[in-house]
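Visitor: Below is entry_0.txt; it holds compact mmCIF, C-alpha atoms.
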# COMPACT_ATOMS: atom_id res chain seq x y z
CA MET A 1161 79.36 87.04 182.52
CA ILE A 1162 79.97 83.39 181.71
CA ILE A 1163 80.21 82.67 177.98
CA TYR A 1164 79.74 79.10 176.77
CA THR A 1165 81.28 78.36 173.37
CA CYS A 1166 81.12 75.45 170.94
CA THR A 1167 81.66 74.57 167.30
CA ASP A 1168 79.04 75.28 164.64
CA ASP A 1169 77.24 71.93 164.44
CA PHE A 1170 73.86 70.89 165.80
CA GLU A 1171 75.06 68.33 168.35
CA SER A 1172 77.57 70.78 169.84
CA MET A 1173 74.96 73.53 170.03
CA MET A 1174 72.46 71.31 171.84
CA THR A 1175 75.20 70.18 174.24
CA CYS A 1176 76.16 73.80 174.87
CA ILE A 1177 72.54 74.63 175.69
CA TYR A 1178 72.40 71.66 178.08
CA GLU A 1179 75.57 72.77 179.92
CA ALA A 1180 74.46 76.39 180.15
CA TRP A 1181 71.06 75.40 181.51
CA ALA A 1182 72.49 72.87 183.99
CA SER A 1183 75.07 75.34 185.34
CA LYS A 1184 72.36 77.26 187.26
CA GLU A 1185 74.47 80.41 186.97
CA GLY A 1186 71.40 82.50 186.19
CA HIS A 1187 70.22 83.04 182.62
CA LYS A 1188 71.04 86.76 182.74
CA ASN A 1189 74.65 85.89 183.57
CA ILE A 1190 75.06 83.46 180.67
CA LYS A 1191 75.74 83.95 176.99
CA LEU A 1192 76.28 81.36 174.27
CA LEU A 1193 78.60 81.92 171.31
CA LEU A 1194 79.85 79.91 168.37
CA GLU A 1195 83.53 79.39 167.72
CA PRO A 1196 85.81 80.82 166.51
CA ILE A 1197 85.49 83.69 168.95
CA GLY A 1198 86.56 87.12 167.74
CA ASN A 1199 87.49 89.80 170.23
CA LEU A 1200 87.32 88.58 173.82
CA GLU A 1201 85.27 90.61 176.29
CA LEU A 1202 86.72 91.86 179.55
CA PHE A 1203 85.57 90.34 182.85
CA CYS A 1204 84.05 87.30 181.11
CA GLU A 1205 84.76 83.65 181.75
CA TYR A 1206 84.85 81.53 178.60
CA ARG A 1207 83.93 77.84 178.80
CA HIS A 1208 84.41 75.60 175.78
CA VAL A 1209 81.86 72.77 175.44
CA GLU A 1210 82.62 69.49 173.67
CA PRO A 1211 79.76 67.71 171.88
CA ASP A 1212 77.99 64.97 173.81
CA SER A 1213 75.37 62.94 171.95
CA GLN A 1214 73.47 61.93 175.11
CA LYS A 1215 73.18 65.48 176.41
CA ALA A 1216 72.19 66.75 172.98
CA GLN A 1217 69.52 64.08 172.73
CA LYS A 1218 68.11 65.08 176.12
CA VAL A 1219 67.70 68.66 174.92
CA VAL A 1220 66.03 67.52 171.70
CA HIS A 1221 63.68 65.21 173.61
CA SER A 1222 62.73 68.00 176.03
CA ILE A 1223 61.96 70.40 173.18
CA ARG A 1224 59.77 67.89 171.36
CA GLN A 1225 57.93 66.72 174.48
CA LYS A 1226 57.59 69.92 176.51
CA ILE A 1227 57.13 72.47 173.71
CA SER A 1228 56.28 70.91 170.34
CA ALA A 1229 57.67 69.07 167.33
CA ARG A 1230 57.10 72.22 165.27
CA ALA A 1231 59.25 74.25 167.65
CA TYR A 1232 62.02 71.67 167.32
CA GLN A 1233 61.88 71.86 163.52
CA MET A 1234 62.17 75.64 163.68
CA ILE A 1235 65.12 75.46 166.06
CA PHE A 1236 66.88 72.91 163.84
CA ARG A 1237 66.49 75.11 160.77
CA CYS A 1238 67.63 78.16 162.73
CA ALA A 1239 70.72 76.19 163.79
CA MET A 1240 71.49 75.58 160.10
CA SER A 1241 71.48 79.32 159.33
CA THR A 1242 74.50 81.60 159.15
CA HIS A 1243 73.35 84.13 161.75
CA PRO A 1244 76.34 84.81 164.06
CA ASP A 1245 74.17 84.92 167.22
CA LYS A 1246 71.93 81.97 166.40
CA LEU A 1247 73.05 79.86 169.38
CA ASP A 1248 72.21 82.49 172.00
CA MET A 1249 69.04 83.26 170.06
CA ILE A 1250 67.93 79.62 170.30
CA TYR A 1251 68.79 79.52 174.01
CA ARG A 1252 66.62 82.59 174.74
CA PHE A 1253 63.83 81.14 172.60
CA LEU A 1254 63.91 77.94 174.68
CA LEU A 1255 63.76 79.90 177.93
CA LEU A 1256 60.46 81.33 176.78
CA GLY A 1257 59.35 78.04 175.24
CA PHE A 1258 59.70 76.02 178.42
CA ALA A 1259 57.98 78.79 180.41
CA TYR A 1260 55.11 79.27 177.92
CA PRO A 1261 54.94 76.07 175.83
CA LYS A 1262 51.43 76.68 174.51
CA ASP A 1263 52.00 80.32 173.60
CA ILE A 1264 55.59 80.45 172.36
CA MET A 1265 54.71 79.97 168.67
CA HIS A 1266 52.45 83.04 168.81
CA MET A 1267 54.75 85.38 170.76
CA LEU A 1268 56.08 87.15 167.68
CA GLN A 1269 56.26 90.43 169.53
CA HIS A 1270 59.25 89.04 171.46
CA PRO A 1271 62.53 89.79 169.63
CA TYR A 1272 64.07 86.34 170.18
CA VAL A 1273 60.97 84.54 168.98
CA MET A 1274 60.77 86.77 165.93
CA ALA A 1275 64.47 86.25 165.22
CA VAL A 1276 64.09 82.46 165.27
CA PHE A 1277 61.06 82.74 162.97
CA GLU A 1278 63.04 84.89 160.53
CA GLN A 1279 66.00 82.52 160.37
CA ASN A 1280 63.69 79.54 160.04
CA ARG A 1281 61.93 81.20 157.12
CA ALA A 1282 65.22 82.15 155.43
CA VAL A 1283 66.51 78.57 155.59
CA ILE A 1284 63.20 77.17 154.29
CA ASN A 1285 63.27 79.62 151.36
CA GLU A 1286 66.85 78.77 150.42
CA THR A 1287 66.12 75.04 150.60
CA HIS A 1288 63.10 75.53 148.35
CA GLN A 1289 65.19 77.48 145.84
CA TYR A 1290 67.83 74.76 145.61
CA ARG A 1291 65.17 72.07 145.12
CA GLU A 1292 64.47 73.83 141.82
CA PHE A 1293 67.94 75.07 140.87
CA ALA A 1294 70.14 72.06 141.72
CA ARG A 1295 71.41 70.47 138.49
CA PHE A 1296 72.63 66.87 138.34
CA GLN A 1297 75.34 65.90 135.88
CA ALA A 1298 76.51 62.40 135.03
CA ALA A 1299 79.91 61.33 136.35
CA PRO A 1300 81.77 58.09 135.51
CA GLY A 1301 80.18 55.00 137.02
CA GLY A 1302 76.62 56.17 136.49
CA ILE A 1303 76.68 58.59 139.43
CA LEU A 1304 74.70 61.82 139.26
CA VAL A 1305 76.49 64.77 140.86
CA ALA A 1306 75.01 68.16 141.79
CA ALA A 1307 76.93 71.01 143.38
CA ILE A 1308 75.51 73.90 145.38
CA GLU A 1309 76.93 76.80 147.37
CA PRO A 1310 74.18 77.66 149.88
CA ASN A 1311 74.49 80.25 152.60
CA ALA A 1312 72.83 77.97 155.16
CA ASP A 1313 73.79 74.36 155.88
CA ILE A 1314 70.81 72.88 154.05
CA LEU A 1315 72.05 69.45 152.88
CA THR A 1316 70.06 67.55 155.52
CA LEU A 1317 66.95 69.51 154.52
CA LEU A 1318 67.50 69.24 150.77
CA ALA A 1319 68.39 65.54 150.42
CA PRO A 1320 64.92 64.11 151.31
CA ALA A 1321 63.35 65.88 148.32
CA PHE A 1322 65.69 64.07 145.93
CA GLU A 1323 65.29 60.77 147.78
CA ASP A 1324 61.66 60.94 146.65
CA ARG A 1325 62.47 62.13 143.13
CA LEU A 1326 65.41 59.79 142.41
CA PRO A 1327 65.05 56.80 144.73
CA SER A 1328 66.69 54.27 142.38
CA GLU A 1329 69.62 56.40 141.22
CA ASN A 1330 73.15 56.78 142.57
CA TRP A 1331 73.53 60.49 143.28
CA MET A 1332 75.49 63.00 145.32
CA ILE A 1333 74.83 66.60 146.28
CA LEU A 1334 77.98 68.54 147.13
CA ASP A 1335 78.01 71.59 149.39
CA ALA A 1336 81.01 73.36 147.90
CA ASN A 1337 81.12 75.94 150.70
CA ARG A 1338 81.46 73.37 153.48
CA HIS A 1339 83.11 70.47 151.61
CA THR A 1340 80.33 68.09 152.62
CA ALA A 1341 78.16 65.77 150.56
CA ALA A 1342 74.86 63.92 150.72
CA VAL A 1343 75.45 60.51 149.16
CA HIS A 1344 72.52 58.35 148.03
CA PRO A 1345 73.22 54.79 146.85
CA ALA A 1346 70.42 53.44 144.66
CA ASP A 1347 67.47 52.18 146.71
CA GLU A 1348 69.33 52.75 149.98
CA LEU A 1349 69.43 55.40 152.69
CA THR A 1350 71.24 58.69 152.17
CA TYR A 1351 74.28 59.41 154.30
CA PHE A 1352 76.37 62.53 154.81
CA THR A 1353 80.13 62.77 154.61
CA SER A 1354 83.00 65.26 154.43
CA LEU A 1355 85.13 65.77 151.33
CA SER A 1356 88.63 67.04 150.88
CA ALA A 1357 89.12 69.96 148.51
CA ARG A 1358 90.80 67.59 146.05
CA GLU A 1359 87.97 65.05 146.13
CA GLN A 1360 85.41 67.77 145.55
CA THR A 1361 87.32 69.23 142.60
CA GLU A 1362 87.78 65.81 141.00
CA LEU A 1363 84.08 65.01 141.28
CA LEU A 1364 83.04 68.31 139.72
CA GLU A 1365 85.54 68.02 136.86
CA ALA A 1366 84.53 64.41 136.17
CA ALA A 1367 80.86 65.38 135.96
CA LYS A 1368 81.59 68.21 133.53
CA SER A 1369 83.68 66.07 131.20
CA ALA A 1370 81.56 62.91 131.28
CA ASP A 1371 78.00 64.20 130.96
CA PRO A 1372 76.79 63.76 127.34
CA TYR A 1373 73.61 65.75 128.03
CA ARG A 1374 75.37 68.92 129.14
CA GLU A 1375 75.51 70.52 125.66
CA LEU A 1376 72.02 69.26 124.84
CA TRP A 1377 70.64 70.99 127.92
CA LYS A 1378 72.40 74.24 127.03
CA GLY A 1379 71.09 74.02 123.48
CA PHE A 1380 67.54 73.42 124.71
CA PHE A 1381 67.77 76.44 126.99
CA GLN A 1382 68.93 78.63 124.08
CA GLN A 1383 66.30 77.33 121.65
CA ILE A 1384 63.30 78.00 123.88
CA SER A 1385 64.43 81.53 124.73
CA ILE A 1386 62.86 84.46 122.86
CA GLU A 1387 65.45 87.09 122.04
CA GLN A 1388 62.93 89.93 121.83
CA ARG A 1389 61.75 89.17 125.37
CA THR A 1390 65.17 88.97 126.98
CA ASN A 1391 65.01 90.76 130.34
CA PRO A 1392 68.11 90.15 132.50
CA ALA A 1393 66.82 92.26 135.40
CA CYS A 1394 63.59 90.26 135.63
CA GLN A 1395 65.53 87.02 135.25
CA ARG A 1396 67.81 87.93 138.16
CA THR A 1397 64.72 88.53 140.31
CA HIS A 1398 63.56 84.95 139.80
CA LEU A 1399 67.02 83.37 139.57
CA PRO A 1400 69.70 85.38 141.44
CA LEU A 1401 73.25 85.21 140.13
CA HIS A 1402 74.70 83.25 143.06
CA TYR A 1403 72.53 80.23 142.17
CA ARG A 1404 73.91 79.99 138.62
CA LYS A 1405 77.50 78.91 139.20
CA TYR A 1406 76.79 75.19 138.79
CA MET A 1407 73.87 75.46 136.34
CA PRO A 1408 75.00 74.22 132.90
CA GLU A 1409 72.59 76.49 131.00
CA PHE A 1410 74.51 79.51 132.35
CA SER A 1411 78.04 78.10 132.00
CA ASP A 1412 80.44 78.99 129.19
Please, can you express the file's structure as structure tokens?
Guide:
Amino acid sequence: MIIYTCTDDFESMMTCIYEAWASKEGHKNIKLLLEPIGNLELFCEYRHVEPDSQKAQKVVHSIRQKISARAYQMIFRCAMSTHPDKLDMIYRFLLLGFAYPKDIMHMLQHPYVMAVFEQNRAVINETHQYREFARFQAAPGGILVAAIEPNADILTLLAPAFEDRLPSENWMILDANRHTAAVHPADELTYFTSLSAREQTELLEAAKSADPYRELWKGFFQQISIEQRTNPACQRTHLPLHYRKYMPEFSD
């Protein structure tokens, strides 16, 4: 068994798929894994793959042209998920997709197709939740800062929604789990960058201390609530606890 490995980013994954396909070792003799690798398997050859933008682009182009744009969108969202076997799952999905391009989106009886559909749906649902639950707070300099801790890597999927909502504002969305940020200068294109732990902490603390509307928002939330209808169990159904960490209405 030959095992191709790469880091957990989209360009590396597409490059890994390209190398595995081009090796012509036989698809049954190939497996794709994300790094870091846990326990090594006996009698397996491990091959690390470095990202290559041209090779990754060739894979993307082939998916869009030979299968469909919808299939590419599903694969991209699946690649943003946290499933440990997502890379091999995508590879097996593409094997079927290139063989049956017109039927692949309806082959839900196949376990790899169903798995990609499930991860795609999970990422879409989490992105939708954070569109509603992300809370911006004012930081010095007129910058709006929102922090999230998603399971999936959804920044690239989440940012376009706020580009439409806040096109003329300076804002940032921080992924506290991955120390990355979507940065939107007013009336310009959004870009993505990495943050150090210190930079992230400073931004969050500045937003908390500088936002004059923080207490007003908390007061509004308390005033509209009806004590006799308080139902924490029902509330957790609609707004799970892990979404509340950076929501001012739930902070002390």
Visitor: Set the distance at 6 Å and use only C-alpha atoms: which residues neighbour region 1323-1328 of chain A once local chain neighbours fewer than 2 positions away are removed? I'd like the list as a list in words.
Guide: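 The residues that qualify are Pro1320, Ala1321, Ala1346 and Asp1347 of chain A.
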Visitor: Rank nothing, just name the residue among A:Ala1216, A:Leu1317, A:Leu1363, A:Ile1235 nearest to Glu1179 (chain A), using all atoms listed in the file.
Guide: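 The shortest atom-to-atom distance to Glu1179 (chain A) comes from A:Ala1216.
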Visitor: Determine, counting all atoms listed in the file, every residue of protein, DNA or RNA that lies within 7 Å of (67.4, 70.3, 155.8) in the file coordinates, then give the result as number ranges by chain.
Guide: A: 1237, 1314-1318
Visitor: Do a neighbour search on Cys1204 (chain A) at 12 Å with only C-alpha atoms, toss out local chain neighbours closer than 4 positions, and write the hits as a PyMOL selection string.
Guide: chain A and resi 1161-1164+1189-1192+1199-1200
Visitor: Counting all atoms listed in the file, which of A:Pro1310, A:Lys1218, A:Tyr1272, A:Val1343 gets nearest to Tyr1290 (chain A)?
Guide: A:Pro1310
Visitor: Write out as a ChimeraX atom specification the residues lying within 12 Å of Gly1379 (chain A), counting all atoms listed in the file and excluding same-chain residues fewer than 6 positions away.
Guide: /A:1373,1385,1408-1411
Visitor: Given the selection you just returned, output its residues as a file containing C-alpha atoms, formatted as a PDB file, in the coordinates of the input.
Guide:
ATOM      1  CA  TYR A1373      73.610  65.750 128.030  1.00  0.00           C
ATOM      2  CA  SER A1385      64.430  81.530 124.730  1.00  0.00           C
ATOM      3  CA  PRO A1408      75.000  74.220 132.900  1.00  0.00           C
ATOM      4  CA  GLU A1409      72.590  76.490 131.000  1.00  0.00           C
ATOM      5  CA  PHE A1410      74.510  79.510 132.350  1.00  0.00           C
ATOM      6  CA  SER A1411      78.040  78.100 132.000  1.00  0.00           C
TER       7      SER A1411
END
Visitor: Which residue gives the smallest distance to Lys1368 (chain A) among A:Phe1381, A:Phe1296, A:Pro1392, A:Ala1319, with all atoms listed in the file counted?
Guide: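 Among the listed residues, A:Phe1296 lies closest to Lys1368 (chain A).
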Visitor: Quick check, in Å to one decimal: how far apart do CA of His1339 (chain A) and CA of Leu1355 (chain A) lie?
Guide: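 Atom-to-atom, CA of His1339 (chain A) and CA of Leu1355 (chain A) are spaced 5.1 Å apart.
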Visitor: Calculated over only C-alpha atoms, which of the candidates A:Ala1299, A:Ile1227, A:Lys1405, A:Trp1331 has the smallest distance to Lys1262 (chain A)?
Guide: A:Ile1227
Visitor: Between A:His1243, A:Arg1230, A:Lys1184, A:Arg1374, which has the minimum distance to Val1283 (chain A) (counting only C-alpha atoms)?
Guide: A:His1243
Visitor: I'd like the interatomic distance between CA of Ser1356 (chain A) and CA of Asn1285 (chain A), to a tenth of an Å.
Guide: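 Computing the Euclidean distance for CA of Ser1356 (chain A) and CA of Asn1285 (chain A) yields 28.3 Å.
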Visitor: Of the residues A:Ala1367, A:Ala1298, A:Met1174, A:Ala1341, which is the one nearest to Gln1217 (chain A), using all atoms listed in the file?
Guide: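 For Gln1217 (chain A), the nearest of the given residues is A:Met1174.
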Visitor: In Å, how far is it from CA of Ser1183 (chain A) to CA of Met1274 (chain A)?
Guide: 26.7 Å
Visitor: Neighbouring residues of Ile1177 (chain A) were defined as those with any atom within 12 Å, considering all atoms listed in the file; residues of the same chain fewer than 6 positions away were excluded. Please report them as a tab-separated table (two decimals) with C-alpha atoms, keeping the file's coordinate frame.
Guide:
chain	number	residue	atom	x	y	z
A	1163	ILE	CA	80.21	82.67	177.98
A	1164	TYR	CA	79.74	79.10	176.77
A	1165	THR	CA	81.28	78.36	173.37
A	1166	CYS	CA	81.12	75.45	170.94
A	1170	PHE	CA	73.86	70.89	165.80
A	1171	GLU	CA	75.06	68.33	168.35
A	1183	SER	CA	75.07	75.34	185.34
A	1184	LYS	CA	72.36	77.26	187.26
A	1187	HIS	CA	70.22	83.04	182.62
A	1190	ILE	CA	75.06	83.46	180.67
A	1191	LYS	CA	75.74	83.95	176.99
A	1192	LEU	CA	76.28	81.36	174.27
A	1193	LEU	CA	78.60	81.92	171.31
A	1194	LEU	CA	79.85	79.91	168.37
A	1208	HIS	CA	84.41	75.60	175.78
A	1209	VAL	CA	81.86	72.77	175.44
A	1210	GLU	CA	82.62	69.49	173.67
A	1211	PRO	CA	79.76	67.71	171.88
A	1212	ASP	CA	77.99	64.97	173.81
A	1215	LYS	CA	73.18	65.48	176.41
A	1216	ALA	CA	72.19	66.75	172.98
A	1217	GLN	CA	69.52	64.08	172.73
A	1218	LYS	CA	68.11	65.08	176.12
A	1219	VAL	CA	67.70	68.66	174.92
A	1220	VAL	CA	66.03	67.52	171.70
A	1222	SER	CA	62.73	68.00	176.03
A	1223	ILE	CA	61.96	70.40	173.18
A	1246	LYS	CA	71.93	81.97	166.40
A	1247	LEU	CA	73.05	79.86	169.38
A	1248	ASP	CA	72.21	82.49	172.00
A	1249	MET	CA	69.04	83.26	170.06
A	1250	ILE	CA	67.93	79.62	170.30
A	1251	TYR	CA	68.79	79.52	174.01
A	1252	ARG	CA	66.62	82.59	174.74
A	1253	PHE	CA	63.83	81.14	172.60
A	1254	LEU	CA	63.91	77.94	174.68
A	1255	LEU	CA	63.76	79.90	177.93
Visitor: Can you find the residues with an atom no farther than 10 Å from (68.8, 82.3, 158.3), counting all atoms listed in the file, and report them as a PyMOL selection string?
Guide: chain A and resi 1237-1244+1246+1275-1286+1311-1313
Visitor: Region 1349-1366 of chain A, all listed atoms, 5 Å padding on each side: what axis-aligned box centre and edge lengths in Å to one decimal come out, as JSON?
Guide:
{"center_x": 80.1, "center_y": 62.7, "center_z": 145.5, "size_x": 31.4, "size_y": 24.6, "size_z": 28.6}
